[in-house]
$ cat protein.txt   # compact mmCIF, C-alpha atoms (C1' of nucleotides)
# COMPACT_ATOMS: atom_id res chain seq x y z
CA MET L 1 12.90 15.05 -47.56
CA VAL L 2 15.74 12.58 -47.41
CA GLU L 3 17.93 12.11 -44.39
CA ASP L 4 21.38 13.70 -44.39
CA VAL L 5 23.54 10.61 -44.03
CA VAL L 6 26.78 12.42 -43.36
CA ARG L 7 25.19 14.22 -40.48
CA SER L 8 23.43 11.18 -39.11
CA TYR L 9 26.51 9.01 -39.02
CA GLY L 10 28.36 11.11 -36.48
CA TYR L 11 32.01 10.31 -36.00
CA LEU L 12 32.07 7.78 -38.82
CA THR L 13 31.71 10.50 -41.45
CA LEU L 14 33.44 13.33 -39.61
CA GLY L 15 36.09 13.76 -42.32
CA THR L 16 33.56 14.05 -45.12
CA ARG L 17 31.51 16.43 -43.06
CA MET L 18 34.35 18.76 -42.14
CA LYS L 19 35.52 18.82 -45.73
CA ARG L 20 32.00 19.66 -46.85
CA ILE L 21 31.63 22.49 -44.34
CA GLY L 22 35.05 23.82 -45.29
CA GLU L 23 34.12 23.88 -48.95
CA ARG L 24 30.90 25.65 -48.16
CA LEU L 25 32.72 28.28 -46.11
CA GLN L 26 35.27 28.80 -48.85
CA ALA L 27 32.55 29.21 -51.46
CA ASP L 28 30.78 31.79 -49.32
CA THR L 29 34.07 33.57 -48.70
CA GLN L 30 34.66 33.64 -52.42
CA LYS L 31 31.43 35.58 -52.84
CA ILE L 32 32.60 38.20 -50.37
CA ILE L 33 35.89 38.46 -52.22
CA GLU L 34 34.12 38.86 -55.54
CA GLU L 35 31.98 41.69 -54.22
CA SER L 36 35.25 43.50 -53.65
CA GLY L 37 36.45 42.73 -57.16
CA ALA L 38 39.77 41.18 -56.16
CA PRO L 39 41.14 38.84 -58.86
CA VAL L 40 42.03 36.04 -56.46
CA GLN L 41 40.59 32.75 -55.28
CA ALA L 42 39.89 32.35 -51.59
CA SER L 43 42.47 29.61 -51.26
CA GLN L 44 45.13 31.71 -52.94
CA TYR L 45 44.86 34.38 -50.28
CA THR L 46 46.38 31.90 -47.89
CA PHE L 47 49.55 31.98 -49.92
CA LEU L 48 49.69 35.74 -50.07
CA ALA L 49 48.99 35.95 -46.36
CA ALA L 50 51.78 33.51 -45.58
CA VAL L 51 54.36 35.49 -47.52
CA ASP L 52 53.06 38.72 -46.08
CA ARG L 53 53.30 37.41 -42.57
CA SER L 54 56.60 35.58 -42.68
CA GLY L 55 58.42 37.44 -45.45
CA PRO L 56 59.91 35.72 -48.52
CA LEU L 57 59.79 31.93 -48.25
CA THR L 58 61.04 29.03 -50.29
CA ILE L 59 58.54 26.70 -51.91
CA GLY L 60 59.17 24.18 -49.18
CA GLU L 61 58.70 26.66 -46.37
CA LEU L 62 55.55 27.95 -48.00
CA SER L 63 54.30 24.38 -48.16
CA GLU L 64 54.72 24.10 -44.40
CA ALA L 65 53.21 27.51 -43.79
CA VAL L 66 50.01 26.88 -45.71
CA GLY L 67 49.82 23.19 -44.83
CA ILE L 68 49.46 21.72 -48.27
CA THR L 69 51.85 19.47 -50.16
CA GLN L 70 54.71 20.81 -52.23
CA PRO L 71 53.26 20.03 -55.68
CA GLY L 72 50.14 21.97 -54.76
CA VAL L 73 52.25 24.91 -53.70
CA THR L 74 54.32 24.80 -56.87
CA ARG L 75 51.21 25.01 -58.98
CA THR L 76 49.44 27.74 -57.06
CA VAL L 77 52.60 29.81 -56.89
CA ALA L 78 52.91 29.49 -60.67
CA GLN L 79 49.37 30.83 -61.03
CA LEU L 80 50.02 33.76 -58.73
CA VAL L 81 53.27 34.54 -60.52
CA ALA L 82 51.36 34.51 -63.80
CA GLY L 83 48.84 36.85 -62.19
CA GLY L 84 51.59 39.25 -61.22
CA LEU L 85 51.08 38.95 -57.46
CA LEU L 86 54.07 36.83 -56.54
CA GLN L 87 57.60 36.59 -57.90
CA THR L 88 60.34 34.04 -57.41
CA ALA L 89 64.10 34.40 -57.23
CA GLN L 90 66.95 31.98 -56.89
CA VAL L 91 68.84 31.61 -53.68
CA SER L 92 72.53 32.35 -54.06
CA GLY L 93 74.52 29.32 -53.06
CA ASP L 94 71.73 26.80 -53.68
CA GLN L 95 70.38 26.55 -57.17
CA ARG L 96 67.65 24.18 -56.09
CA ARG L 97 65.73 26.57 -53.91
CA ARG L 98 63.46 29.32 -55.12
CA ILE L 99 62.41 32.18 -52.90
CA VAL L 100 58.85 33.42 -53.25
CA SER L 101 57.97 37.04 -52.50
CA LEU L 102 55.16 39.51 -53.11
CA THR L 103 55.35 41.83 -56.11
CA PRO L 104 54.35 45.47 -55.58
CA ARG L 105 50.91 44.59 -56.90
CA GLY L 106 50.81 41.66 -54.52
CA GLU L 107 51.75 43.93 -51.61
CA GLN L 108 49.01 46.31 -52.57
CA LEU L 109 46.45 43.56 -52.90
CA VAL L 110 47.31 42.27 -49.46
CA ALA L 111 47.09 45.77 -48.01
CA THR L 112 43.63 46.22 -49.49
CA ALA L 113 42.55 42.79 -48.33
CA LYS L 114 43.76 43.48 -44.81
CA ALA L 115 41.86 46.72 -44.69
CA GLU L 116 38.66 45.76 -46.44
CA ILE L 117 38.13 42.11 -47.15
CA TRP L 118 39.64 40.06 -44.37
CA PRO L 119 37.86 41.93 -41.60
CA ARG L 120 34.55 41.31 -43.33
CA VAL L 121 35.24 37.62 -43.68
CA ARG L 122 36.48 37.32 -40.14
CA GLY L 123 33.47 39.19 -38.87
CA ALA L 124 31.04 37.05 -40.81
CA VAL L 125 32.63 33.85 -39.54
CA ALA L 126 32.71 35.20 -36.00
CA ASP L 127 29.02 36.00 -36.37
CA LEU L 128 28.38 32.46 -37.55
CA CYS L 129 30.34 30.95 -34.69
CA ALA L 130 29.17 33.30 -31.98
CA GLY L 131 28.16 31.46 -28.85
CA LEU L 132 29.31 28.07 -30.07
CA ASP L 133 30.37 25.70 -27.37
CA GLY L 134 30.08 22.11 -26.31
CA PRO L 135 30.62 18.86 -28.22
CA LEU L 136 32.20 19.09 -31.65
CA LEU L 137 29.35 17.41 -33.50
CA ASP L 138 26.85 19.82 -31.99
CA GLN L 139 28.94 22.78 -33.04
CA LEU L 140 29.21 21.42 -36.57
CA ALA L 141 25.45 21.01 -36.73
CA ALA L 142 25.02 24.57 -35.52
CA ILE L 143 27.39 25.82 -38.23
CA GLU L 144 25.53 23.89 -40.92
CA ASP L 145 22.21 25.24 -39.71
CA GLY L 146 23.66 28.72 -39.45
CA LEU L 147 24.97 28.66 -42.99
CA ALA L 148 21.66 27.36 -44.29
CA ALA L 149 19.87 30.18 -42.48
CA ALA L 150 22.22 32.92 -43.65
CA PRO L 151 25.36 32.41 -45.74
CA LEU L 152 28.54 34.26 -44.88
CA ASP L 153 28.12 36.97 -47.49
CA ARG L 154 24.72 37.87 -46.10
CA ARG L 155 26.16 38.00 -42.59
CA ALA L 156 28.92 40.31 -43.80
CA ALA L 157 26.39 42.63 -45.42
CA LYS L 158 24.14 42.62 -42.38
CA ARG L 159 26.95 43.49 -40.01
CA GLU L 160 27.85 46.52 -42.06
CA GLY L 161 24.26 47.61 -42.47
CA LYS L 162 23.67 47.84 -38.73
CA PRO L 163 26.90 47.77 -36.77
CA MET B 1 60.07 25.92 -38.50
CA VAL B 2 57.59 28.14 -40.28
CA GLU B 3 54.37 29.34 -38.74
CA ASP B 4 51.15 27.60 -39.76
CA VAL B 5 49.26 30.52 -41.28
CA VAL B 6 45.94 28.78 -41.55
CA ARG B 7 46.02 28.01 -37.89
CA SER B 8 47.24 31.43 -36.83
CA TYR B 9 44.57 33.32 -38.70
CA GLY B 10 41.68 31.95 -36.69
CA TYR B 11 38.22 32.61 -38.06
CA LEU B 12 39.55 34.19 -41.25
CA THR B 13 40.81 30.87 -42.56
CA LEU B 14 38.28 28.59 -40.90
CA GLY B 15 37.01 27.21 -44.22
CA THR B 16 40.46 26.30 -45.46
CA ARG B 17 41.28 24.76 -42.14
CA MET B 18 38.17 22.61 -41.88
CA LYS B 19 38.65 21.43 -45.44
CA ARG B 20 42.24 20.53 -44.64
CA ILE B 21 41.32 18.59 -41.52
CA GLY B 22 38.54 16.82 -43.40
CA GLU B 23 40.93 15.76 -46.12
CA ARG B 24 43.37 14.50 -43.56
CA LEU B 25 40.68 12.47 -41.80
CA GLN B 26 39.52 11.00 -45.08
CA ALA B 27 43.05 10.05 -46.06
CA ASP B 28 43.57 8.31 -42.72
CA THR B 29 40.22 6.57 -43.06
CA GLN B 30 41.27 5.40 -46.49
CA LYS B 31 44.24 3.64 -44.90
CA ILE B 32 41.98 1.77 -42.52
CA ILE B 33 39.77 0.76 -45.43
CA GLU B 34 42.73 -0.46 -47.42
CA GLU B 35 43.93 -2.63 -44.57
CA SER B 36 40.63 -4.44 -44.94
CA GLY B 37 41.08 -4.77 -48.68
CA ALA B 38 37.76 -3.22 -49.68
CA PRO B 39 37.85 -1.88 -53.24
CA VAL B 40 36.18 1.43 -52.37
CA GLN B 41 37.18 5.01 -51.70
CA ALA B 42 36.25 6.52 -48.36
CA SER B 43 33.96 9.05 -49.99
CA GLN B 44 32.15 6.36 -51.94
CA TYR B 45 31.10 4.60 -48.75
CA THR B 46 28.86 7.55 -48.08
CA PHE B 47 26.86 6.66 -51.16
CA LEU B 48 26.57 3.02 -50.24
CA ALA B 49 25.61 3.95 -46.70
CA ALA B 50 22.90 6.30 -47.94
CA VAL B 51 21.28 3.67 -50.12
CA ASP B 52 21.65 1.10 -47.40
CA ARG B 53 20.02 3.34 -44.87
CA SER B 54 17.19 4.83 -46.90
CA GLY B 55 16.62 2.11 -49.49
CA PRO B 56 16.68 2.76 -53.25
CA LEU B 57 16.92 6.47 -54.08
CA THR B 58 16.84 8.55 -57.21
CA ILE B 59 19.94 10.47 -58.21
CA GLY B 60 18.37 13.64 -56.88
CA GLU B 61 17.44 12.11 -53.54
CA LEU B 62 20.89 10.63 -53.22
CA SER B 63 22.31 14.08 -53.87
CA GLU B 64 20.34 15.41 -50.91
CA ALA B 65 21.24 12.46 -48.75
CA VAL B 66 24.99 12.73 -49.22
CA GLY B 67 25.03 16.51 -49.47
CA ILE B 68 26.91 16.94 -52.70
CA THR B 69 25.69 18.36 -55.98
CA GLN B 70 23.90 16.30 -58.58
CA PRO B 71 26.73 16.14 -61.13
CA GLY B 72 29.02 14.79 -58.46
CA VAL B 73 26.49 12.13 -57.59
CA THR B 74 25.99 11.17 -61.22
CA ARG B 75 29.69 10.59 -61.63
CA THR B 76 30.29 8.65 -58.45
CA VAL B 77 27.23 6.49 -59.05
CA ALA B 78 28.59 5.70 -62.51
CA GLN B 79 31.84 4.55 -60.92
CA LEU B 80 30.09 2.39 -58.36
CA VAL B 81 27.88 0.89 -61.06
CA ALA B 82 30.99 0.11 -63.07
CA GLY B 83 32.44 -1.48 -59.95
CA GLY B 84 29.38 -3.68 -59.58
CA LEU B 85 28.27 -2.28 -56.23
CA LEU B 86 25.31 -0.20 -57.34
CA GLN B 87 22.74 -0.62 -60.06
CA THR B 88 20.21 1.76 -61.57
CA ALA B 89 16.73 1.21 -62.90
CA GLN B 90 14.16 3.41 -64.56
CA VAL B 91 11.08 4.54 -62.74
CA SER B 92 7.91 3.42 -64.44
CA GLY B 93 5.86 6.47 -65.35
CA ASP B 94 8.78 8.88 -65.36
CA GLN B 95 11.53 8.22 -67.81
CA ARG B 96 13.67 10.99 -66.40
CA ARG B 97 14.29 9.48 -63.01
CA ARG B 98 16.71 6.70 -62.28
CA ILE B 99 16.53 4.69 -59.12
CA VAL B 100 19.81 3.66 -57.53
CA SER B 101 20.05 0.49 -55.46
CA LEU B 102 22.68 -1.86 -54.09
CA THR B 103 23.66 -4.94 -56.05
CA PRO B 104 24.10 -8.19 -54.12
CA ARG B 105 27.83 -7.49 -54.04
CA GLY B 106 27.08 -4.00 -52.81
CA GLU B 107 24.85 -5.38 -50.06
CA GLN B 108 27.57 -7.74 -49.02
CA LEU B 109 30.21 -5.05 -49.01
CA VAL B 110 28.04 -2.87 -46.80
CA ALA B 111 27.42 -5.77 -44.46
CA THR B 112 31.13 -6.38 -44.12
CA ALA B 113 31.83 -2.70 -43.66
CA LYS B 114 29.19 -2.44 -40.96
CA ALA B 115 30.64 -5.36 -39.11
CA GLU B 116 34.34 -4.73 -39.53
CA ILE B 117 35.35 -1.40 -40.98
CA TRP B 118 32.94 1.26 -39.83
CA PRO B 119 33.25 0.39 -36.15
CA ARG B 120 37.01 0.71 -36.41
CA VAL B 121 36.78 4.10 -38.09
CA ARG B 122 34.17 5.32 -35.66
CA GLY B 123 36.22 4.10 -32.75
CA ALA B 124 39.38 5.75 -34.00
CA VAL B 125 37.62 9.07 -34.52
CA ALA B 126 35.97 8.80 -31.14
CA ASP B 127 39.40 8.18 -29.65
CA LEU B 128 40.71 11.26 -31.42
CA CYS B 129 37.82 13.40 -30.22
CA ALA B 130 37.59 12.02 -26.72
CA GLY B 131 37.27 14.76 -24.16
CA LEU B 132 36.98 17.55 -26.68
CA ASP B 133 35.02 20.54 -25.49
CA GLY B 134 35.07 24.30 -25.51
CA PRO B 135 35.62 26.81 -28.31
CA LEU B 136 35.64 25.49 -31.87
CA LEU B 137 39.12 26.74 -32.73
CA ASP B 138 40.57 25.04 -29.67
CA GLN B 139 38.92 21.78 -30.61
CA LEU B 140 40.27 22.02 -34.14
CA ALA B 141 43.76 22.63 -32.80
CA ALA B 142 43.40 19.61 -30.55
CA ILE B 143 42.32 17.48 -33.51
CA GLU B 144 45.27 18.65 -35.59
CA ASP B 145 47.66 17.93 -32.76
CA GLY B 146 46.02 14.59 -32.12
CA LEU B 147 46.33 13.54 -35.74
CA ALA B 148 49.96 14.60 -35.82
CA ALA B 149 50.63 12.58 -32.70
CA ALA B 150 48.82 9.45 -33.91
CA PRO B 151 46.91 9.13 -37.19
CA LEU B 152 43.55 7.38 -37.25
CA ASP B 153 44.86 4.08 -38.52
CA ARG B 154 47.29 3.86 -35.63
CA ARG B 155 44.50 4.66 -33.19
CA ALA B 156 42.37 1.92 -34.72
CA ALA B 157 45.19 -0.59 -34.36
CA LYS B 158 45.94 0.44 -30.81
CA ARG B 159 42.35 0.11 -29.70
CA GLU B 160 42.21 -3.44 -30.96
CA GLY B 161 45.58 -4.35 -29.50
CA LYS B 162 44.60 -3.43 -25.94
CA PRO B 163 40.89 -2.90 -25.57
C1' DA M 1 87.65 13.45 -56.78
C1' DC M 2 83.83 11.00 -57.46
C1' DA M 3 80.02 7.76 -56.81
C1' DA M 4 76.13 7.30 -53.99
C1' DT M 5 72.70 9.53 -51.53
C1' DA M 6 69.74 13.24 -50.10
C1' DA M 7 67.10 17.41 -50.83
C1' DA M 8 64.30 20.83 -53.49
C1' DT M 9 61.33 21.57 -57.05
C1' DA M 10 58.67 20.13 -61.25
C1' DT M 11 55.62 17.23 -63.72
C1' DA M 12 52.04 13.76 -64.46
C1' DA M 13 48.06 11.35 -63.32
C1' DC M 14 44.31 11.09 -60.47
C1' DA M 15 40.31 12.15 -56.83
C1' DC M 16 36.48 14.60 -56.03
C1' DG M 17 34.20 18.64 -55.42
C1' DT M 18 32.17 22.76 -57.99
C1' DT M 19 29.36 25.80 -61.68
C1' DA M 20 27.33 26.23 -66.14
C1' DT M 21 24.95 24.25 -69.63
C1' DA M 22 22.78 20.58 -72.62
C1' DT M 23 19.37 17.08 -73.27
C1' DA M 24 15.32 14.58 -72.54
C1' DA M 25 10.94 13.89 -70.29
C1' DG M 26 6.91 15.51 -67.81
C1' DT M 27 3.16 19.36 -66.93
C1' DG M 28 -0.05 23.01 -67.54
C1' DG M 29 -2.55 26.80 -69.79
C1' DT M 30 -4.76 28.18 -73.90
C1' DA Y 1 -3.12 19.34 -79.23
C1' DC Y 2 0.61 22.19 -78.57
C1' DC Y 3 3.90 25.64 -76.84
C1' DA Y 4 6.21 27.20 -72.84
C1' DC Y 5 7.95 26.02 -68.67
C1' DT Y 6 9.81 22.95 -65.27
C1' DT Y 7 12.22 18.94 -63.66
C1' DA Y 8 15.76 15.16 -63.74
C1' DT Y 9 19.94 13.66 -65.27
C1' DA Y 10 24.21 14.06 -68.17
C1' DT Y 11 28.18 16.34 -69.85
C1' DA Y 12 31.91 19.71 -69.95
C1' DA Y 13 35.22 22.62 -68.01
C1' DC Y 14 37.49 23.89 -64.09
C1' DG Y 15 39.57 24.32 -59.02
C1' DT Y 16 42.42 22.45 -55.83
C1' DG Y 17 43.91 18.90 -53.23
C1' DT Y 18 46.55 14.29 -53.40
C1' DT Y 19 50.42 10.51 -54.51
C1' DA Y 20 54.10 8.91 -57.37
C1' DT Y 21 57.90 9.94 -59.93
C1' DA Y 22 61.40 12.72 -62.61
C1' DT Y 23 64.88 16.18 -62.66
C1' DT Y 24 68.31 19.05 -60.99
C1' DT Y 25 71.45 20.45 -57.49
C1' DA Y 26 73.85 19.78 -53.10
C1' DT Y 27 76.28 16.77 -49.72
C1' DT Y 28 78.85 12.98 -47.93
C1' DG Y 29 81.86 8.94 -47.42
C1' DT Y 30 85.71 6.63 -49.18
$ encode --input "protein.txt" --output "structure tokens"
Amino acid sequence: MVEDVVRSYGYLTLGTRMKRIGERLQADTQKIIEESGAPVQASQYTFLAAVDRSGPLTIGELSEAVGITQPGVTRTVAQLVAGGLLQTAQVSGDQRRRIVSLTPRGEQLVATAKAEIWPRVRGAVADLCAGLDGPLLDQLAAIEDGLAAAPLDRRAAKREGKP
Amino acid sequence: MVEDVVRSYGYLTLGTRMKRIGERLQADTQKIIEESGAPVQASQYTFLAAVDRSGPLTIGELSEAVGITQPGVTRTVAQLVAGGLLQTAQVSGDQRRRIVSLTPRGEQLVATAKAEIWPRVRGAVADLCAGLDGPLLDQLAAIEDGLAAAPLDRRAAKREGKP
DNA sequence: ACAATAAATATAACACGTTATATAAGTGGT
DNA sequence: ACCACTTATATAACGTGTTATATTTATTGT
């Protein structure tokens, strides 16, 4: 067994470590989403959720809302438009802006996600993080250990098996 | 001002959020590295640190040590070999394995990093995380706010200005 | 009114992780 | 000895973020 350098180095490698945990969580979340058969990537839900929550937004506003840079938003929006979940329209009076909104299919997908998928994800993460407290690095270690012991999708299944 | 959806959604978007914070930390770290003129990406330091810490490792062991998948390791090692910082050798008795070790230049780069760069990064992150405690989501919010107020490279500079 | 500047979005090139699969080398049972 | 299986690394295709820059449309100062 080789030592986990990222874990051993503490604050020095905090960025790498948080990114790594985030990717792991997203991958696990993706499995939960796939069990439900929704044709969406975990990261794309963030976009749908933003428009659902705040109403139609321009590309720039959406960029602020989801916290990624504008080129990233432009691309993901294009994918979701191609998938029939989002649509864009021009703003009257400013030809530069485009307003992004949910299509009927997008609305429906969000409604289903709200009812069925998001609660499972939230529950699984809450299960993972239950009782966490104290120094950040300790909590991160607990999350890593927790994920190794039982990934999110297993936690979601378990919670529904015996509520 | 638009609402930050990832932050508002709590546990549901924890993966996205941790990934985002990790990327931000790495980007800030990269700035500190560049001030020192080292020809290395932040994420590549992890590889050098692993070999430095554990001695020569196979690709597979390195994959465990840095916590990323084997294809990712193969690629990054190839880049560092091309950059003259790592070298690989065959294991006698098993032609499949390759052993990765530091070149003299790699050794020197690690020595410099240990003396000059890593302490600055560690100090800046420690400054950012000073006094953090309590629930995970609160700590993440504090980190986000802290980074917005003063990125890591500014914290590193400040600490050296008035110790 | 128009030239210069600013703002919004698009495009290109890259970084760095993933999964799936190919290739080559060892191992074990008959 | 050899066939089947396993193990170690390489390669390919993709996801999703970034920065830098181009393009198009507004805005502003003279």
$ closest_residue --input "protein.txt" --among "Y:DA1, Y:DA8, Y:DA20, Y:DA26" --to "chain B" --atoms "all atoms listed in the file"
Y:DA8
$ interface_residues --input "protein.txt" --of "chain M" --to "chain B" --cutoff "9 Å" --atoms "all atoms listed in the file" --output "compact mmCIF listing (two decimals) with C-alpha atoms (C1' of nucleotides), keeping the file's coordinate frame"
# COMPACT_ATOMS: atom_id res chain seq x y z
C1' DC M 16 36.48 14.60 -56.03
C1' DG M 17 34.20 18.64 -55.42
C1' DT M 18 32.17 22.76 -57.99
C1' DA M 24 15.32 14.58 -72.54
C1' DA M 25 10.94 13.89 -70.29
C1' DG M 26 6.91 15.51 -67.81
$ residues_around --input "protein.txt" --residues "range 21-25 of chain B" --least-positions-apart "6" --cutoff "6 Å" --atoms "all atoms listed in the file" --output "number ranges by chain"
L: 15-16, 18-19
$ calpha_fit_and_write --input "protein.txt" --fixed "chain L" --moving "chain B" --output "compact mmCIF listing (two decimals) with C-alpha atoms, in the frame of the given file"
# COMPACT_ATOMS: atom_id res chain seq x y z
CA MET B 1 12.89 15.15 -47.59
CA VAL B 2 15.74 12.68 -47.42
CA GLU B 3 17.91 12.19 -44.38
CA ASP B 4 21.37 13.76 -44.39
CA VAL B 5 23.52 10.65 -44.04
CA VAL B 6 26.75 12.44 -43.37
CA ARG B 7 25.17 14.24 -40.49
CA SER B 8 23.39 11.21 -39.11
CA TYR B 9 26.46 9.03 -39.02
CA GLY B 10 28.31 11.11 -36.47
CA TYR B 11 31.97 10.30 -35.98
CA LEU B 12 32.02 7.78 -38.82
CA THR B 13 31.66 10.48 -41.45
CA LEU B 14 33.40 13.31 -39.61
CA GLY B 15 36.05 13.74 -42.32
CA THR B 16 33.53 14.02 -45.11
CA ARG B 17 31.48 16.41 -43.06
CA MET B 18 34.33 18.73 -42.14
CA LYS B 19 35.49 18.79 -45.74
CA ARG B 20 31.97 19.65 -46.84
CA ILE B 21 31.61 22.47 -44.34
CA GLY B 22 35.04 23.79 -45.28
CA GLU B 23 34.11 23.86 -48.94
CA ARG B 24 30.91 25.65 -48.15
CA LEU B 25 32.73 28.27 -46.08
CA GLN B 26 35.27 28.80 -48.83
CA ALA B 27 32.56 29.19 -51.45
CA ASP B 28 30.80 31.79 -49.31
CA THR B 29 34.08 33.57 -48.68
CA GLN B 30 34.67 33.62 -52.41
CA LYS B 31 31.44 35.57 -52.82
CA ILE B 32 32.60 38.19 -50.36
CA ILE B 33 35.90 38.45 -52.21
CA GLU B 34 34.15 38.84 -55.53
CA GLU B 35 32.01 41.67 -54.23
CA SER B 36 35.27 43.50 -53.67
CA GLY B 37 36.48 42.70 -57.16
CA ALA B 38 39.79 41.14 -56.15
CA PRO B 39 41.13 38.82 -58.86
CA VAL B 40 42.04 36.02 -56.44
CA GLN B 41 40.61 32.73 -55.25
CA ALA B 42 39.92 32.32 -51.55
CA SER B 43 42.51 29.58 -51.24
CA GLN B 44 45.15 31.70 -52.92
CA TYR B 45 44.87 34.37 -50.25
CA THR B 46 46.40 31.90 -47.87
CA PHE B 47 49.58 31.98 -49.92
CA LEU B 48 49.70 35.74 -50.06
CA ALA B 49 49.00 35.94 -46.35
CA ALA B 50 51.81 33.51 -45.58
CA VAL B 51 54.38 35.49 -47.52
CA ASP B 52 53.07 38.71 -46.09
CA ARG B 53 53.31 37.42 -42.58
CA SER B 54 56.63 35.59 -42.68
CA GLY B 55 58.43 37.46 -45.45
CA PRO B 56 59.93 35.74 -48.51
CA LEU B 57 59.80 31.95 -48.25
CA THR B 58 61.06 29.05 -50.29
CA ILE B 59 58.56 26.73 -51.91
CA GLY B 60 59.19 24.19 -49.18
CA GLU B 61 58.72 26.69 -46.37
CA LEU B 62 55.57 27.97 -47.99
CA SER B 63 54.32 24.40 -48.15
CA GLU B 64 54.75 24.12 -44.39
CA ALA B 65 53.23 27.51 -43.78
CA VAL B 66 50.02 26.87 -45.70
CA GLY B 67 49.83 23.19 -44.83
CA ILE B 68 49.48 21.71 -48.27
CA THR B 69 51.87 19.48 -50.15
CA GLN B 70 54.74 20.80 -52.22
CA PRO B 71 53.28 20.03 -55.65
CA GLY B 72 50.17 21.95 -54.73
CA VAL B 73 52.27 24.91 -53.68
CA THR B 74 54.32 24.80 -56.86
CA ARG B 75 51.20 24.99 -58.95
CA THR B 76 49.44 27.73 -57.05
CA VAL B 77 52.61 29.81 -56.89
CA ALA B 78 52.90 29.47 -60.66
CA GLN B 79 49.37 30.82 -61.01
CA LEU B 80 50.01 33.75 -58.70
CA VAL B 81 53.26 34.53 -60.51
CA ALA B 82 51.36 34.49 -63.79
CA GLY B 83 48.83 36.82 -62.19
CA GLY B 84 51.59 39.23 -61.21
CA LEU B 85 51.07 38.94 -57.46
CA LEU B 86 54.07 36.82 -56.55
CA GLN B 87 57.58 36.59 -57.91
CA THR B 88 60.34 34.04 -57.44
CA ALA B 89 64.08 34.41 -57.26
CA GLN B 90 66.96 31.99 -56.95
CA VAL B 91 68.89 31.64 -53.75
CA SER B 92 72.55 32.41 -54.18
CA GLY B 93 74.57 29.37 -53.20
CA ASP B 94 71.78 26.88 -53.75
CA GLN B 95 70.38 26.62 -57.22
CA ARG B 96 67.66 24.25 -56.11
CA ARG B 97 65.76 26.64 -53.91
CA ARG B 98 63.46 29.35 -55.12
CA ILE B 99 62.42 32.20 -52.92
CA VAL B 100 58.85 33.44 -53.25
CA SER B 101 57.98 37.05 -52.50
CA LEU B 102 55.18 39.52 -53.13
CA THR B 103 55.34 41.83 -56.12
CA PRO B 104 54.35 45.46 -55.59
CA ARG B 105 50.90 44.58 -56.91
CA GLY B 106 50.82 41.66 -54.52
CA GLU B 107 51.76 43.92 -51.62
CA GLN B 108 49.02 46.30 -52.57
CA LEU B 109 46.45 43.56 -52.90
CA VAL B 110 47.32 42.27 -49.45
CA ALA B 111 47.09 45.76 -48.02
CA THR B 112 43.63 46.20 -49.49
CA ALA B 113 42.55 42.78 -48.32
CA LYS B 114 43.77 43.49 -44.81
CA ALA B 115 41.88 46.72 -44.69
CA GLU B 116 38.67 45.76 -46.44
CA ILE B 117 38.15 42.09 -47.14
CA TRP B 118 39.65 40.04 -44.36
CA PRO B 119 37.87 41.93 -41.59
CA ARG B 120 34.56 41.31 -43.32
CA VAL B 121 35.25 37.59 -43.68
CA ARG B 122 36.49 37.31 -40.13
CA GLY B 123 33.49 39.19 -38.86
CA ALA B 124 31.05 37.05 -40.80
CA VAL B 125 32.63 33.84 -39.53
CA ALA B 126 32.71 35.19 -36.01
CA ASP B 127 29.02 35.99 -36.37
CA LEU B 128 28.38 32.45 -37.55
CA CYS B 129 30.33 30.95 -34.67
CA ALA B 130 29.15 33.30 -31.97
CA GLY B 131 28.16 31.45 -28.85
CA LEU B 132 29.30 28.07 -30.07
CA ASP B 133 30.36 25.69 -27.35
CA GLY B 134 30.06 22.09 -26.30
CA PRO B 135 30.58 18.85 -28.20
CA LEU B 136 32.16 19.07 -31.65
CA LEU B 137 29.30 17.40 -33.50
CA ASP B 138 26.81 19.82 -31.99
CA GLN B 139 28.92 22.77 -33.04
CA LEU B 140 29.19 21.42 -36.57
CA ALA B 141 25.43 21.00 -36.73
CA ALA B 142 25.00 24.57 -35.52
CA ILE B 143 27.38 25.80 -38.22
CA GLU B 144 25.52 23.89 -40.92
CA ASP B 145 22.21 25.25 -39.72
CA GLY B 146 23.65 28.73 -39.44
CA LEU B 147 24.98 28.66 -42.98
CA ALA B 148 21.66 27.39 -44.29
CA ALA B 149 19.87 30.18 -42.48
CA ALA B 150 22.24 32.93 -43.66
CA PRO B 151 25.38 32.41 -45.75
CA LEU B 152 28.56 34.27 -44.88
CA ASP B 153 28.14 36.97 -47.49
CA ARG B 154 24.73 37.87 -46.11
CA ARG B 155 26.16 37.99 -42.60
CA ALA B 156 28.92 40.30 -43.80
CA ALA B 157 26.40 42.62 -45.42
CA LYS B 158 24.14 42.62 -42.40
CA ARG B 159 26.94 43.49 -40.01
CA GLU B 160 27.84 46.52 -42.07
CA GLY B 161 24.24 47.60 -42.51
CA LYS B 162 23.55 47.82 -38.78
CA PRO B 163 26.71 47.66 -36.73
$ atom_distance --input "protein.txt" --atom1 "CA of Leu140 in chain L" --atom2 "CA of Ala124 in chain B"
18.9 Å
$ atom_distance --input "protein.txt" --atom1 "CA of Glu144 in chain B" --atom2 "CA of Ala50 in chain B"
28.4 Å
$ atom_distance --input "protein.txt" --atom1 "CA of Gly55 in chain L" --atom2 "CA of Asp28 in chain L"
28.5 Å
$ closest_residue --input "protein.txt" --among "B:Val91, B:Ala65, B:Leu48, B:Ile143" --to "chain L" --atoms "only C-alpha atoms"
B:Ala65
$ residues_around --input "protein.txt" --residues "Glu3 in chain L" --least-positions-apart "5" --cutoff "8 Å" --atoms "all atoms listed in the file" --output "PyMOL selection string"
(chain L and resi 8) or (chain B and resi 54+64-65)
$ closest_residue --input "protein.txt" --among "B:Leu147, B:Leu86, B:Leu152, B:Arg98" --to "chain Y" --atoms "only C-alpha atoms (C1' of nucleotides)"
B:Arg98
